[in-house]
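J.: Just one file: entry_16.txt, with compact mmCIF, C-alpha atoms.
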```txt
# COMPACT_ATOMS: atom_id res chain seq x y z
CA MET A 1 -44.74 -6.59 -14.93
CA ALA A 2 -44.19 -8.78 -11.84
CA GLU A 3 -42.35 -11.30 -14.02
CA LEU A 4 -40.15 -8.57 -15.52
CA LYS A 5 -39.24 -7.27 -12.06
CA GLU A 6 -38.24 -10.75 -10.86
CA GLU A 7 -36.19 -11.27 -14.00
CA LEU A 8 -34.53 -7.89 -13.54
CA LYS A 9 -33.60 -8.61 -9.94
CA GLY A 10 -31.98 -11.89 -10.99
CA LYS A 11 -30.01 -10.17 -13.75
CA ILE A 12 -28.84 -7.37 -11.46
CA ILE A 13 -27.58 -9.93 -8.91
CA GLU A 14 -25.81 -11.89 -11.64
CA VAL A 15 -24.27 -8.97 -13.54
CA LEU A 16 -23.15 -7.09 -10.43
CA ASN A 17 -22.07 -10.28 -8.63
CA LEU A 18 -24.02 -9.42 -5.49
CA GLU A 19 -22.80 -12.50 -3.66
CA ASP A 20 -24.92 -12.30 -0.50
CA VAL A 21 -28.09 -10.94 -2.06
CA ALA A 22 -31.06 -13.08 -3.16
CA VAL A 23 -33.96 -12.03 -5.41
CA GLU A 24 -36.25 -12.02 -2.34
CA ASP A 25 -33.95 -9.54 -0.58
CA ILE A 26 -34.58 -6.81 -3.14
CA GLN A 27 -37.86 -4.94 -2.73
CA ASP A 28 -39.33 -3.31 -5.82
CA ASP A 29 -38.89 0.19 -4.38
CA ASP A 30 -35.50 -0.27 -2.70
CA ALA A 31 -32.98 2.37 -3.74
CA LEU A 32 -30.35 0.80 -6.00
CA PHE A 33 -27.73 3.42 -5.20
CA GLY A 34 -26.80 5.05 -1.90
CA ASP A 35 -28.43 3.52 1.16
CA GLY A 36 -30.25 0.74 -0.67
CA LEU A 37 -28.16 -1.84 -2.50
CA GLY A 38 -25.19 0.51 -2.30
CA LEU A 39 -24.32 0.39 -5.98
CA ASP A 40 -21.75 2.80 -7.44
CA SER A 41 -20.84 4.44 -10.74
CA ILE A 42 -19.21 1.31 -12.21
CA ASP A 43 -22.44 -0.57 -11.45
CA ALA A 44 -24.34 2.17 -13.28
CA LEU A 45 -22.29 1.45 -16.39
CA GLU A 46 -23.00 -2.27 -15.99
CA LEU A 47 -26.74 -1.51 -15.77
CA ILE A 48 -26.62 0.64 -18.90
CA VAL A 49 -24.99 -2.24 -20.80
CA LEU A 50 -27.57 -4.66 -19.34
CA MET A 51 -30.44 -2.50 -20.63
CA ASP A 52 -28.87 -2.41 -24.09
CA LYS A 53 -27.93 -6.09 -24.28
CA GLU A 54 -31.05 -7.65 -22.78
CA TYR A 55 -33.79 -5.20 -23.74
CA GLY A 56 -32.40 -3.26 -26.70
CA ILE A 57 -32.56 0.09 -24.94
CA LYS A 58 -29.79 2.60 -25.58
CA LEU A 59 -29.54 5.35 -23.02
CA SER A 60 -28.08 8.27 -24.88
CA ASP A 61 -28.78 10.94 -22.26
CA PRO A 62 -26.86 10.21 -19.01
CA LYS A 63 -29.24 12.51 -17.10
CA GLN A 64 -32.02 9.99 -17.69
CA GLY A 65 -30.11 7.43 -15.62
CA LYS A 66 -30.80 9.08 -12.30
CA SER A 67 -34.54 8.58 -12.56
CA ILE A 68 -34.47 5.25 -14.43
CA PHE A 69 -32.07 3.57 -11.98
CA GLN A 70 -33.81 4.70 -8.81
CA SER A 71 -35.22 1.25 -8.09
CA VAL A 72 -36.18 -2.04 -9.72
CA GLN A 73 -39.69 -0.59 -10.12
CA THR A 74 -38.49 2.47 -12.09
CA MET A 75 -36.19 0.32 -14.21
CA ALA A 76 -38.98 -2.13 -14.99
CA ASP A 77 -41.36 0.72 -15.87
CA TYR A 78 -38.83 2.21 -18.30
CA ILE A 79 -38.00 -1.17 -19.84
CA ALA A 80 -41.67 -2.07 -20.31
CA ALA A 81 -42.27 1.23 -22.11
CA ASN A 82 -39.13 1.29 -24.27
CA ARG A 83 -37.89 -2.25 -24.89
CA THR A 84 -37.15 -3.32 -28.44
CA LYS A 85 -36.48 -6.96 -27.63
CA MET B 86 26.94 2.54 2.22
CA LYS B 87 24.67 -0.29 1.16
CA LYS B 88 21.81 -0.92 3.60
CA THR B 89 20.64 -4.40 4.54
CA ALA B 90 17.29 -5.78 3.42
CA TYR B 91 15.46 -7.97 5.89
CA ILE B 92 12.44 -10.22 5.47
CA ASN B 93 10.22 -9.29 8.38
CA GLY B 94 6.84 -10.60 7.30
CA ILE B 95 5.37 -13.31 5.09
CA GLY B 96 1.86 -13.83 3.79
CA ALA B 97 0.56 -16.46 1.40
CA VAL B 98 -2.56 -18.05 -0.01
CA THR B 99 -1.74 -21.45 -1.51
CA ALA B 100 -3.19 -24.81 -2.43
CA GLN B 101 -2.25 -25.85 1.12
CA GLY B 102 -4.07 -22.92 2.73
CA VAL B 103 -2.82 -19.61 4.07
CA TRP B 104 0.62 -18.89 5.52
CA SER B 105 1.01 -19.98 9.14
CA GLU B 106 3.61 -21.59 11.36
CA ARG B 107 1.94 -24.95 10.70
CA LEU B 108 1.49 -24.63 6.93
CA LEU B 109 4.62 -26.54 5.90
CA ALA B 110 4.27 -29.20 8.59
CA ASP B 111 0.66 -29.95 7.64
CA ALA B 112 1.18 -29.82 3.86
CA THR B 113 0.74 -32.91 1.69
CA GLU B 114 1.77 -33.47 -1.93
CA LEU B 115 -0.74 -32.28 -4.54
CA GLN B 116 -2.40 -35.12 -6.41
CA GLN B 117 -4.24 -33.38 -9.23
CA SER B 118 -2.95 -31.77 -12.40
CA ILE B 119 -4.69 -28.45 -11.64
CA ALA B 120 -5.14 -27.66 -7.96
CA PRO B 121 -6.99 -24.51 -6.86
CA VAL B 122 -5.93 -22.71 -3.68
CA GLN B 123 -7.72 -23.19 -0.38
CA HIS B 124 -9.34 -19.80 -0.04
CA PRO B 125 -9.63 -18.13 3.35
CA SER B 126 -12.65 -16.00 4.21
CA TYR B 127 -11.98 -12.61 2.64
CA LYS B 128 -14.94 -10.79 4.14
CA GLU B 129 -13.14 -9.80 7.32
CA MET B 130 -10.40 -8.14 5.28
CA ILE B 131 -12.10 -6.74 2.19
CA SER B 132 -15.37 -4.80 2.17
CA PRO B 133 -18.32 -6.60 0.51
CA ALA B 134 -18.64 -3.76 -2.02
CA MET B 135 -15.06 -4.36 -3.20
CA VAL B 136 -14.81 -8.12 -2.88
CA ARG B 137 -17.76 -8.82 -5.19
CA ARG B 138 -15.83 -7.41 -8.15
CA MET B 139 -12.52 -9.09 -7.39
CA SER B 140 -11.17 -12.15 -9.11
CA ASN B 141 -9.36 -14.80 -7.09
CA GLY B 142 -5.93 -13.40 -7.92
CA ILE B 143 -6.80 -10.01 -6.47
CA LYS B 144 -8.38 -11.48 -3.34
CA MET B 145 -5.40 -13.78 -2.76
CA GLY B 146 -2.99 -10.90 -3.30
CA ILE B 147 -4.77 -8.63 -0.86
CA TYR B 148 -4.99 -11.34 1.79
CA ALA B 149 -1.33 -12.37 1.46
CA SER B 150 -0.10 -8.76 1.40
CA GLN B 151 -2.00 -7.86 4.56
CA GLN B 152 -0.62 -10.93 6.34
CA ALA B 153 2.91 -9.88 5.37
CA LEU B 154 2.38 -6.25 6.38
CA ASP B 155 0.88 -7.27 9.72
CA GLU B 156 3.77 -9.55 10.61
CA ALA B 157 6.34 -6.98 9.49
CA GLU B 158 4.42 -4.30 11.41
CA ILE B 159 4.33 -2.05 8.34
CA ALA B 160 1.28 0.22 8.31
CA MET B 161 2.17 2.00 5.08
CA PRO B 162 4.91 0.70 2.77
CA ASP B 163 7.24 3.06 0.87
CA ALA B 164 6.68 0.95 -2.24
CA ILE B 165 4.50 -1.89 -3.50
CA VAL B 166 6.30 -4.13 -5.98
CA ALA B 167 4.53 -7.14 -7.43
CA GLY B 168 5.18 -9.85 -9.98
CA THR B 169 2.81 -11.92 -12.06
CA GLY B 170 3.33 -14.23 -14.98
CA LEU B 171 -0.11 -14.13 -16.51
CA GLY B 172 -1.87 -11.37 -14.58
CA CYS B 173 -5.58 -11.34 -13.86
CA LEU B 174 -6.52 -14.14 -16.21
CA GLU B 175 -10.09 -14.62 -15.00
CA ASP B 176 -11.12 -11.10 -15.94
CA SER B 177 -9.02 -11.14 -19.13
CA GLU B 178 -10.83 -14.26 -20.29
CA LYS B 179 -14.20 -12.88 -19.24
CA PHE B 180 -13.65 -9.64 -21.14
CA LEU B 181 -12.31 -11.33 -24.27
CA ARG B 182 -15.15 -13.86 -24.22
CA ASN B 183 -17.63 -10.97 -24.07
CA VAL B 184 -15.90 -9.36 -27.04
CA LEU B 185 -16.29 -12.55 -29.06
CA ASP B 186 -19.73 -13.66 -27.88
CA ASN B 187 -21.31 -10.23 -28.29
CA ASP B 188 -19.63 -9.25 -31.54
CA GLU B 189 -17.64 -6.47 -29.85
CA GLN B 190 -20.82 -4.94 -28.42
CA PHE B 191 -22.07 -4.61 -24.83
CA LEU B 192 -18.64 -4.51 -23.24
CA THR B 193 -18.92 -4.01 -19.50
CA PRO B 194 -16.29 -2.08 -17.56
CA THR B 195 -15.53 -4.29 -14.55
CA ALA B 196 -13.75 -7.17 -16.27
CA PHE B 197 -11.81 -4.76 -18.49
CA ILE B 198 -10.66 -2.58 -15.60
CA GLN B 199 -9.47 -5.59 -13.64
CA SER B 200 -7.95 -7.54 -16.52
CA THR B 201 -4.68 -5.61 -16.49
CA HIS B 202 -1.57 -7.20 -15.03
CA ASN B 203 -1.06 -4.47 -12.45
CA THR B 204 -4.52 -4.91 -10.91
CA VAL B 205 -3.30 -6.79 -7.84
CA ALA B 206 -0.67 -4.22 -6.82
CA SER B 207 -3.04 -1.36 -7.54
CA GLN B 208 -5.92 -2.88 -5.58
CA ILE B 209 -3.57 -3.41 -2.63
CA ALA B 210 -2.59 0.26 -2.89
CA LEU B 211 -6.21 1.41 -3.18
CA ARG B 212 -7.16 -0.54 -0.09
CA LEU B 213 -4.22 0.86 1.88
CA GLN B 214 -4.61 4.31 0.30
CA CYS B 215 -0.91 3.98 -0.48
CA LYS B 216 0.17 6.53 -3.08
CA ALA B 217 3.81 5.45 -3.12
CA TYR B 218 5.79 3.70 -5.89
CA ASN B 219 3.65 0.93 -7.35
CA PHE B 220 5.08 -1.40 -9.93
CA THR B 221 4.24 -4.79 -11.41
CA TYR B 222 6.76 -6.97 -13.24
CA VAL B 223 5.50 -9.39 -15.87
CA HIS B 224 8.38 -11.63 -16.85
CA ARG B 225 7.04 -15.18 -16.84
CA SER B 226 8.94 -17.29 -14.30
CA VAL B 227 11.17 -14.45 -13.10
CA SER B 228 8.28 -12.07 -12.47
CA PHE B 229 8.63 -12.45 -8.72
CA GLU B 230 12.41 -12.26 -8.75
CA SER B 231 12.21 -9.08 -10.85
CA ALA B 232 9.99 -7.54 -8.19
CA LEU B 233 12.31 -8.77 -5.46
CA LEU B 234 15.36 -7.33 -7.22
CA ASP B 235 13.63 -3.95 -7.57
CA ALA B 236 12.72 -4.00 -3.87
CA LEU B 237 16.23 -5.06 -2.87
CA LEU B 238 17.86 -2.26 -4.86
CA GLN B 239 15.51 0.32 -3.37
CA LEU B 240 16.16 -0.89 0.17
CA GLN B 241 19.91 -1.18 -0.26
CA SER B 242 20.19 2.27 -1.81
CA GLY B 243 18.15 3.85 0.97
CA LYS B 244 15.39 4.92 -1.39
CA ALA B 245 12.86 3.02 0.72
CA THR B 246 12.72 1.68 4.27
CA HIS B 247 9.68 -0.58 4.10
CA ILE B 248 8.55 -2.38 0.97
CA LEU B 249 5.74 -4.78 0.23
CA ALA B 250 6.97 -7.20 -2.44
CA GLY B 251 5.33 -10.33 -3.74
CA ALA B 252 3.53 -12.11 -6.53
CA SER B 253 0.19 -13.52 -7.54
CA ASP B 254 -1.05 -15.80 -10.29
CA GLU B 255 -4.50 -17.31 -10.71
CA ILE B 256 -6.05 -20.27 -12.49
CA SER B 257 -8.40 -19.63 -15.36
CA ASP B 258 -10.20 -22.40 -17.17
CA HIS B 259 -9.44 -21.58 -20.78
CA THR B 260 -5.75 -20.67 -20.42
CA TYR B 261 -5.04 -23.67 -18.23
CA SER B 262 -6.82 -26.00 -20.66
CA LEU B 263 -4.53 -24.66 -23.40
CA LEU B 264 -1.46 -25.17 -21.18
CA GLN B 265 -2.61 -28.74 -20.64
CA GLN B 266 -3.06 -29.30 -24.37
CA ILE B 267 0.51 -28.19 -25.10
CA GLY B 268 1.88 -30.43 -22.36
CA TYR B 269 2.86 -27.79 -19.81
CA ILE B 270 0.34 -29.28 -17.38
CA LYS B 271 0.23 -33.02 -16.76
CA GLN B 272 -2.72 -34.78 -18.34
CA ASP B 273 -5.70 -35.51 -16.08
CA GLY B 274 -5.39 -38.85 -14.38
CA ILE B 275 -1.59 -38.97 -14.36
CA GLN B 276 -0.68 -39.38 -10.73
CA GLU B 277 3.05 -39.11 -10.21
CA SER B 278 4.89 -37.63 -7.30
CA VAL B 279 7.32 -34.86 -8.25
CA LYS B 280 10.14 -37.05 -6.97
CA ASN B 281 9.18 -40.08 -9.07
CA SER B 282 7.88 -38.32 -12.17
CA THR B 283 8.56 -40.05 -15.49
CA SER B 284 6.70 -37.61 -17.73
CA VAL B 285 6.87 -34.05 -18.95
CA GLY B 286 4.41 -31.47 -17.69
CA VAL B 287 3.75 -30.48 -14.11
CA ASN B 288 0.93 -30.17 -11.62
CA TYR B 289 -0.24 -26.57 -11.86
CA SER B 290 -1.84 -24.41 -9.26
CA GLU B 291 -2.23 -20.75 -8.32
CA GLY B 292 -1.40 -18.58 -5.36
CA ALA B 293 -0.14 -15.35 -3.90
CA VAL B 294 2.93 -14.83 -1.73
CA PHE B 295 3.97 -11.46 -0.30
CA PHE B 296 6.81 -10.25 1.91
CA GLY B 297 7.17 -7.33 4.25
CA LEU B 298 10.74 -6.15 3.62
CA SER B 299 12.58 -3.56 5.61
CA THR B 300 15.99 -2.10 6.35
CA ASN B 301 15.15 -2.44 10.04
CA LYS B 302 15.89 -5.72 11.74
CA MET B 303 13.23 -6.97 14.12
CA ALA B 304 13.21 -9.57 16.88
CA HIS B 305 11.29 -11.96 14.61
CA THR B 306 13.14 -11.19 11.34
CA TYR B 307 13.32 -14.24 9.08
CA ALA B 308 16.45 -13.58 7.06
CA GLU B 309 18.55 -11.07 5.15
CA ILE B 310 18.35 -10.90 1.36
CA VAL B 311 21.92 -10.80 0.10
CA ASP B 312 21.44 -10.74 -3.66
CA VAL B 313 19.15 -11.63 -6.56
CA ARG B 314 20.24 -12.61 -10.07
CA ILE B 315 18.10 -13.15 -13.17
CA GLN B 316 19.11 -14.49 -16.56
CA ASN B 317 16.80 -15.48 -19.37
CA ASP B 318 18.97 -18.02 -21.12
CA VAL B 319 21.38 -20.42 -19.44
CA ASN B 320 22.16 -23.83 -20.84
CA GLN B 321 23.04 -26.79 -18.65
CA VAL B 322 26.76 -26.43 -19.36
CA GLN B 323 26.73 -22.74 -18.40
CA LEU B 324 24.68 -23.33 -15.27
CA LYS B 325 27.58 -24.17 -12.96
CA ASP B 326 29.43 -20.98 -13.95
CA PHE B 327 26.23 -18.96 -13.60
CA VAL B 328 25.88 -20.12 -9.99
CA ALA B 329 29.61 -19.98 -9.19
CA LEU B 330 29.95 -16.41 -10.46
CA PHE B 331 26.92 -15.29 -8.46
CA LEU B 332 28.35 -16.76 -5.27
CA GLN B 333 31.81 -15.39 -6.01
CA GLU B 334 30.43 -11.88 -6.53
CA ASN B 335 28.86 -12.15 -3.10
CA ASN B 336 32.05 -13.50 -1.52
CA VAL B 337 30.41 -16.80 -0.64
CA ALA B 338 32.21 -20.07 -1.34
CA ILE B 339 30.20 -23.06 -2.59
CA GLU B 340 31.09 -24.85 0.66
CA GLU B 341 29.45 -22.05 2.64
CA VAL B 342 26.01 -22.72 1.11
CA ASP B 343 24.14 -24.59 3.83
CA ALA B 344 21.00 -25.38 1.88
CA LEU B 345 19.84 -25.32 -1.70
CA ILE B 346 16.18 -24.59 -2.44
CA LEU B 347 15.18 -25.70 -5.91
CA GLY B 348 12.12 -25.21 -8.09
CA ILE B 349 11.94 -28.90 -9.01
CA ASN B 350 8.45 -29.46 -10.39
CA GLY B 351 8.21 -32.96 -11.83
CA ASP B 352 8.75 -32.15 -15.51
CA ILE B 353 11.50 -34.64 -16.32
CA GLU B 354 13.01 -32.44 -19.03
CA SER B 355 12.96 -29.22 -17.05
CA ASP B 356 14.23 -30.90 -13.89
CA GLN B 357 17.45 -31.96 -15.64
CA TYR B 358 18.81 -28.50 -14.83
CA TYR B 359 18.42 -29.18 -11.13
CA THR B 360 19.98 -32.64 -11.41
CA HIS B 361 22.90 -31.04 -13.20
CA LEU B 362 23.38 -28.43 -10.49
CA LEU B 363 23.03 -30.96 -7.69
CA ALA B 364 26.23 -32.67 -8.83
CA ASP B 365 28.10 -29.68 -7.36
CA PHE B 366 26.06 -29.67 -4.16
CA ASP B 367 25.85 -33.37 -3.35
CA ALA B 368 26.70 -32.81 0.30
CA VAL B 369 24.28 -29.94 0.77
CA PRO B 370 20.73 -30.32 2.15
CA THR B 371 18.37 -29.72 -0.75
CA VAL B 372 14.81 -28.56 -0.41
CA TYR B 373 11.91 -28.57 -2.90
CA TYR B 374 8.43 -27.16 -2.49
CA LYS B 375 6.44 -27.24 -5.74
CA HIS B 376 5.12 -30.71 -4.92
CA LEU B 377 3.14 -28.95 -2.16
CA ILE B 378 1.99 -25.73 -3.82
CA GLY B 379 2.14 -26.62 -7.53
CA GLN B 380 3.67 -24.76 -10.46
CA PHE B 381 2.63 -21.30 -11.55
CA ASP B 382 4.71 -18.49 -12.95
CA SER B 383 5.33 -16.87 -9.61
CA SER B 384 5.45 -20.04 -7.48
CA SER B 385 9.15 -19.46 -6.75
CA ALA B 386 8.00 -16.74 -4.34
CA PHE B 387 6.91 -19.59 -2.09
CA GLY B 388 10.47 -20.93 -2.28
CA LEU B 389 11.62 -17.70 -0.66
CA ALA B 390 9.06 -18.19 2.10
CA VAL B 391 10.37 -21.73 2.68
CA ALA B 392 13.97 -20.47 2.74
CA SER B 393 13.01 -17.75 5.21
CA GLN B 394 11.35 -20.30 7.45
CA LEU B 395 14.43 -22.51 7.32
CA LEU B 396 16.78 -19.69 8.31
CA LYS B 397 14.53 -18.47 11.08
CA HIS B 398 13.80 -21.83 12.68
CA GLN B 399 16.91 -23.70 11.46
CA GLU B 400 14.75 -26.64 10.44
CA LEU B 401 12.04 -27.71 8.02
CA PRO B 402 9.54 -30.58 7.97
CA LYS B 403 10.90 -33.76 6.36
CA GLN B 404 8.59 -33.67 3.34
CA LEU B 405 10.38 -30.59 2.04
CA PHE B 406 13.76 -32.26 1.71
CA TRP B 407 14.77 -33.56 -1.69
CA GLN B 408 18.12 -34.55 -0.30
CA GLU B 409 18.68 -34.64 3.45
CA GLN B 410 22.16 -34.07 4.83
CA GLU B 411 23.36 -33.52 8.35
CA ARG B 412 23.57 -29.78 8.99
CA LYS B 413 23.43 -28.04 12.34
CA ASN B 414 23.75 -24.41 11.43
CA PHE B 415 22.05 -22.94 8.37
CA ARG B 416 23.67 -19.59 7.49
CA TYR B 417 23.54 -19.21 3.72
CA VAL B 418 20.64 -20.51 1.65
CA LEU B 419 20.70 -20.40 -2.14
CA LEU B 420 17.48 -20.54 -4.19
CA TYR B 421 17.53 -21.56 -7.84
CA ASN B 422 14.54 -21.67 -10.14
CA GLN B 423 13.91 -21.93 -13.88
CA PHE B 424 11.08 -23.06 -16.11
CA LYS B 425 11.69 -25.24 -19.15
CA GLY B 426 15.29 -24.05 -19.37
CA LYS B 427 14.37 -20.35 -19.46
CA ASP B 428 14.06 -17.58 -16.90
CA HIS B 429 16.75 -18.64 -14.46
CA SER B 430 16.91 -16.96 -11.09
CA LEU B 431 19.19 -17.12 -8.08
CA VAL B 432 18.43 -15.64 -4.67
CA LEU B 433 20.91 -15.70 -1.80
CA LEU B 434 19.71 -15.37 1.78
CA ARG B 435 21.72 -15.12 4.98
CA ALA B 436 20.58 -15.93 8.50
CA CYS B 437 20.33 -12.98 10.88
```
Could the structure of this file be written out as structure tokens, please?
T.:
Amino acid sequence: MAELKEELKGKIIEVLNLEDVAVEDIQDDDALFGDGLGLDSIDALELIVLMDKEYGIKLSDPKQGKSIFQSVQTMADYIAANRTK
Amino acid sequence: MKKTAYINGIGAVTAQGVWSERLLADATELQQSIAPVQHPSYKEMISPAMVRRMSNGIKMGIYASQQALDEAEIAMPDAIVAGTGLGCLEDSEKFLRNVLDNDEQFLTPTAFIQSTHNTVASQIALRLQCKAYNFTYVHRSVSFESALLDALLQLQSGKATHILAGASDEISDHTYSLLQQIGYIKQDGIQESVKNSTSVGVNYSEGAVFFGLSTNKMAHTYAEIVDVRIQNDVNQVQLKDFVALFLQENNVAIEEVDALILGINGDIESDQYYTHLLADFDAVPTVYYKHLIGQFDSSSAFGLAVASQLLKHQELPKQLFWQEQERKNFRYVLLYNQFKGKDHSLVLLRAC
């Protein structure tokens, strides 16, 4: 799980082009949206595509997103339980 | 009655750095076939949340536009008019590469949203919260002049008082490698000055140049825009009449043109047009500028900045003169640009 979380942080930084953020700067429980990393709705779409492309997870219900994208920890938990690749 | 359009502010991001009083004096001729701009720090001007998604063309455009607005003391323009030859190439390439690499799956929104040609003008508007007229012209080498003509007509007709007009084009690896393969860009390793070029192709670059235009004259106004003319096709025989008619329509005699600013770029075939025209202006000081900022579709916008500087200060650094002639008072300046014999443009400026 620790490895997955590190990998996820790296991918989030790369995909969202978070220029001044390093993997070490993101804590597992930091909020991704709002006060945490300050991501927005376009980033949410990028994360949905990332889940599909990298882990084979298709999010069909948008309501799921709110809980899945709370933090790196919640994303990693969901990926670990649902990944197809 | 026709109102007068003044150039009150200039902003630019170029291969020589950003627009400043010293930019032309400190500039040196580009030595490489593809020269990127010298980027300023954008963080003071654009929020980190926005800047991380922006390609170079957008960042350059925002920086140059804010410089121009600041100098022209325009808080909110009545219109934003931009030109671009190839648009936001970086994001276009990124999006298309994703389409190919991922078999049309997993297409992310950011590159697509920002791949459109009007991204620069719209991002400027979003940042300013400017809901006024917003238009982008995409006409290869007359993209900027098309935007300028639109702005001029709006100012002269009284439809607008303050307009932000300019252009932006950015380098992207794949497109520029194709331009190099077809000979538009000089091959790597060929080191010729624009003045002594013996080959086709030019040194390419990228950049953004914007102007704060207004019907109000200010203490620091650069110049007045008299007229703009665009024509797609002009052969070398027709060129003299094309220029003569333009001047005649503006009641300016050839002898009254105090300086000629040309888009000479070092492509020996393309530059024949300028040589041809110079035969009629052999006693006129002639200025060139693409040896300093490179060729890109909207690079002629920088020519307007150079012309503005000349009329405001009545002098230019020596390295800008193609042909130096004694001249004490610069009143009318004529700009002429074309690319490979197409997309001819004329701009006439008058000192204030």
J.: When the cut-off is 7 Å and we count all atoms listed in the file, which residues of chain B are near chain A, given as an NGL selection string?
T.: :B and (137-138 or 191 or 193-194)
J.: With all atoms listed in the file as the counted atoms, please give the residues lying no more than 8 Å from Ala76 of chain A, apart from itself and same-chain residues fewer than 5 positions off, as a JSON list (two decimals) with C-alpha atoms, in the frame of the given file.
T.:
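Generated file (part.json):
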```
[["chain", "number", "residue", "atom", "x", "y", "z"],
["A", 1, "MET", "CA", -44.74, -6.59, -14.93],
["A", 4, "LEU", "CA", -40.15, -8.57, -15.52],
["A", 5, "LYS", "CA", -39.24, -7.27, -12.06],
["A", 8, "LEU", "CA", -34.53, -7.89, -13.54]]
```
J.: So the first atom is atom CA of Ala81 of chain A and the second is atom CA of Asn187 of chain B; what is the distance between them in Å, to one decimal place?
T.: 24.7 Å
J.: Rounded to one decimal in Å, what is the spacing between atom CA of Leu396 of chain B and atom CA of Thr169 of chain B?
T.: 25.9 Å
J.: Distance atom CA of Ile92 of chain B-atom CA of Ser393 of chain B, one decimal place?
T.: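 Atom CA of Ser393 of chain B lies 7.6 Å from atom CA of Ile92 of chain B.
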J.: Considering all atoms listed in the file, can you say which of A:Ala31, A:Val23, A:Ile68, A:Ala80 comes closest to Lys11 of chain A?
T.: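 Checking each candidate against Lys11 of chain A, we get A:Val23 as the closest.
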J.: Show which residues sit within 12 Å of segment 231-233 of chain B, as number ranges by chain. Count all atoms listed in the file, and ignore same-chain residues fewer than 2 positions away.
T.: B: 90-92, 164-170, 206, 219-229, 235-241, 248-253, 294-298, 310-317, 383, 385-386, 389, 428-433
J.: Restricted to C-alpha atoms, what would the selected residues look like written as a compact mmCIF listing (two decimals), in the frame of the given file?
T.:
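Below you can see part.txt, which holds the result:
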```txt
# COMPACT_ATOMS: atom_id res chain seq x y z
CA ALA B 90 17.29 -5.78 3.42
CA TYR B 91 15.46 -7.97 5.89
CA ILE B 92 12.44 -10.22 5.47
CA ALA B 164 6.68 0.95 -2.24
CA ILE B 165 4.50 -1.89 -3.50
CA VAL B 166 6.30 -4.13 -5.98
CA ALA B 167 4.53 -7.14 -7.43
CA GLY B 168 5.18 -9.85 -9.98
CA THR B 169 2.81 -11.92 -12.06
CA GLY B 170 3.33 -14.23 -14.98
CA ALA B 206 -0.67 -4.22 -6.82
CA ASN B 219 3.65 0.93 -7.35
CA PHE B 220 5.08 -1.40 -9.93
CA THR B 221 4.24 -4.79 -11.41
CA TYR B 222 6.76 -6.97 -13.24
CA VAL B 223 5.50 -9.39 -15.87
CA HIS B 224 8.38 -11.63 -16.85
CA ARG B 225 7.04 -15.18 -16.84
CA SER B 226 8.94 -17.29 -14.30
CA VAL B 227 11.17 -14.45 -13.10
CA SER B 228 8.28 -12.07 -12.47
CA PHE B 229 8.63 -12.45 -8.72
CA ASP B 235 13.63 -3.95 -7.57
CA ALA B 236 12.72 -4.00 -3.87
CA LEU B 237 16.23 -5.06 -2.87
CA LEU B 238 17.86 -2.26 -4.86
CA GLN B 239 15.51 0.32 -3.37
CA LEU B 240 16.16 -0.89 0.17
CA GLN B 241 19.91 -1.18 -0.26
CA ILE B 248 8.55 -2.38 0.97
CA LEU B 249 5.74 -4.78 0.23
CA ALA B 250 6.97 -7.20 -2.44
CA GLY B 251 5.33 -10.33 -3.74
CA ALA B 252 3.53 -12.11 -6.53
CA SER B 253 0.19 -13.52 -7.54
CA VAL B 294 2.93 -14.83 -1.73
CA PHE B 295 3.97 -11.46 -0.30
CA PHE B 296 6.81 -10.25 1.91
CA GLY B 297 7.17 -7.33 4.25
CA LEU B 298 10.74 -6.15 3.62
CA ILE B 310 18.35 -10.90 1.36
CA VAL B 311 21.92 -10.80 0.10
CA ASP B 312 21.44 -10.74 -3.66
CA VAL B 313 19.15 -11.63 -6.56
CA ARG B 314 20.24 -12.61 -10.07
CA ILE B 315 18.10 -13.15 -13.17
CA GLN B 316 19.11 -14.49 -16.56
CA ASN B 317 16.80 -15.48 -19.37
CA SER B 383 5.33 -16.87 -9.61
CA SER B 385 9.15 -19.46 -6.75
CA ALA B 386 8.00 -16.74 -4.34
CA LEU B 389 11.62 -17.70 -0.66
CA ASP B 428 14.06 -17.58 -16.90
CA HIS B 429 16.75 -18.64 -14.46
CA SER B 430 16.91 -16.96 -11.09
CA LEU B 431 19.19 -17.12 -8.08
CA VAL B 432 18.43 -15.64 -4.67
CA LEU B 433 20.91 -15.70 -1.80
```
J.: What's the 10 Å shell around Gln399 of chain B, counting only C-alpha atoms, without same-chain residues fewer than 4 positions away, as an mmCIF file with C-alpha atoms, in the frame of the given file?
T.:
```cif
data_model
loop_
_atom_site.group_PDB
_atom_site.id
_atom_site.type_symbol
_atom_site.label_atom_id
_atom_site.label_comp_id
_atom_site.auth_asym_id
_atom_site.auth_seq_id
_atom_site.Cartn_x
_atom_site.Cartn_y
_atom_site.Cartn_z
ATOM 1 C CA ALA B 392 13.970 -20.470 2.740
ATOM 2 C CA SER B 393 13.010 -17.750 5.210
ATOM 3 C CA GLN B 394 11.350 -20.300 7.450
ATOM 4 C CA LEU B 395 14.430 -22.510 7.320
ATOM 5 C CA ARG B 412 23.570 -29.780 8.990
ATOM 6 C CA LYS B 413 23.430 -28.040 12.340
ATOM 7 C CA ASN B 414 23.750 -24.410 11.430
ATOM 8 C CA PHE B 415 22.050 -22.940 8.370
ATOM 9 C CA ARG B 416 23.670 -19.590 7.490
ATOM 10 C CA ALA B 436 20.580 -15.930 8.500
#
```
J.: Considering all atoms listed in the file, can you say which of A:Ile57, A:Gly65, A:Glu6, A:Ile13 comes closest to Thr84 of chain A?
T.: A:Ile57
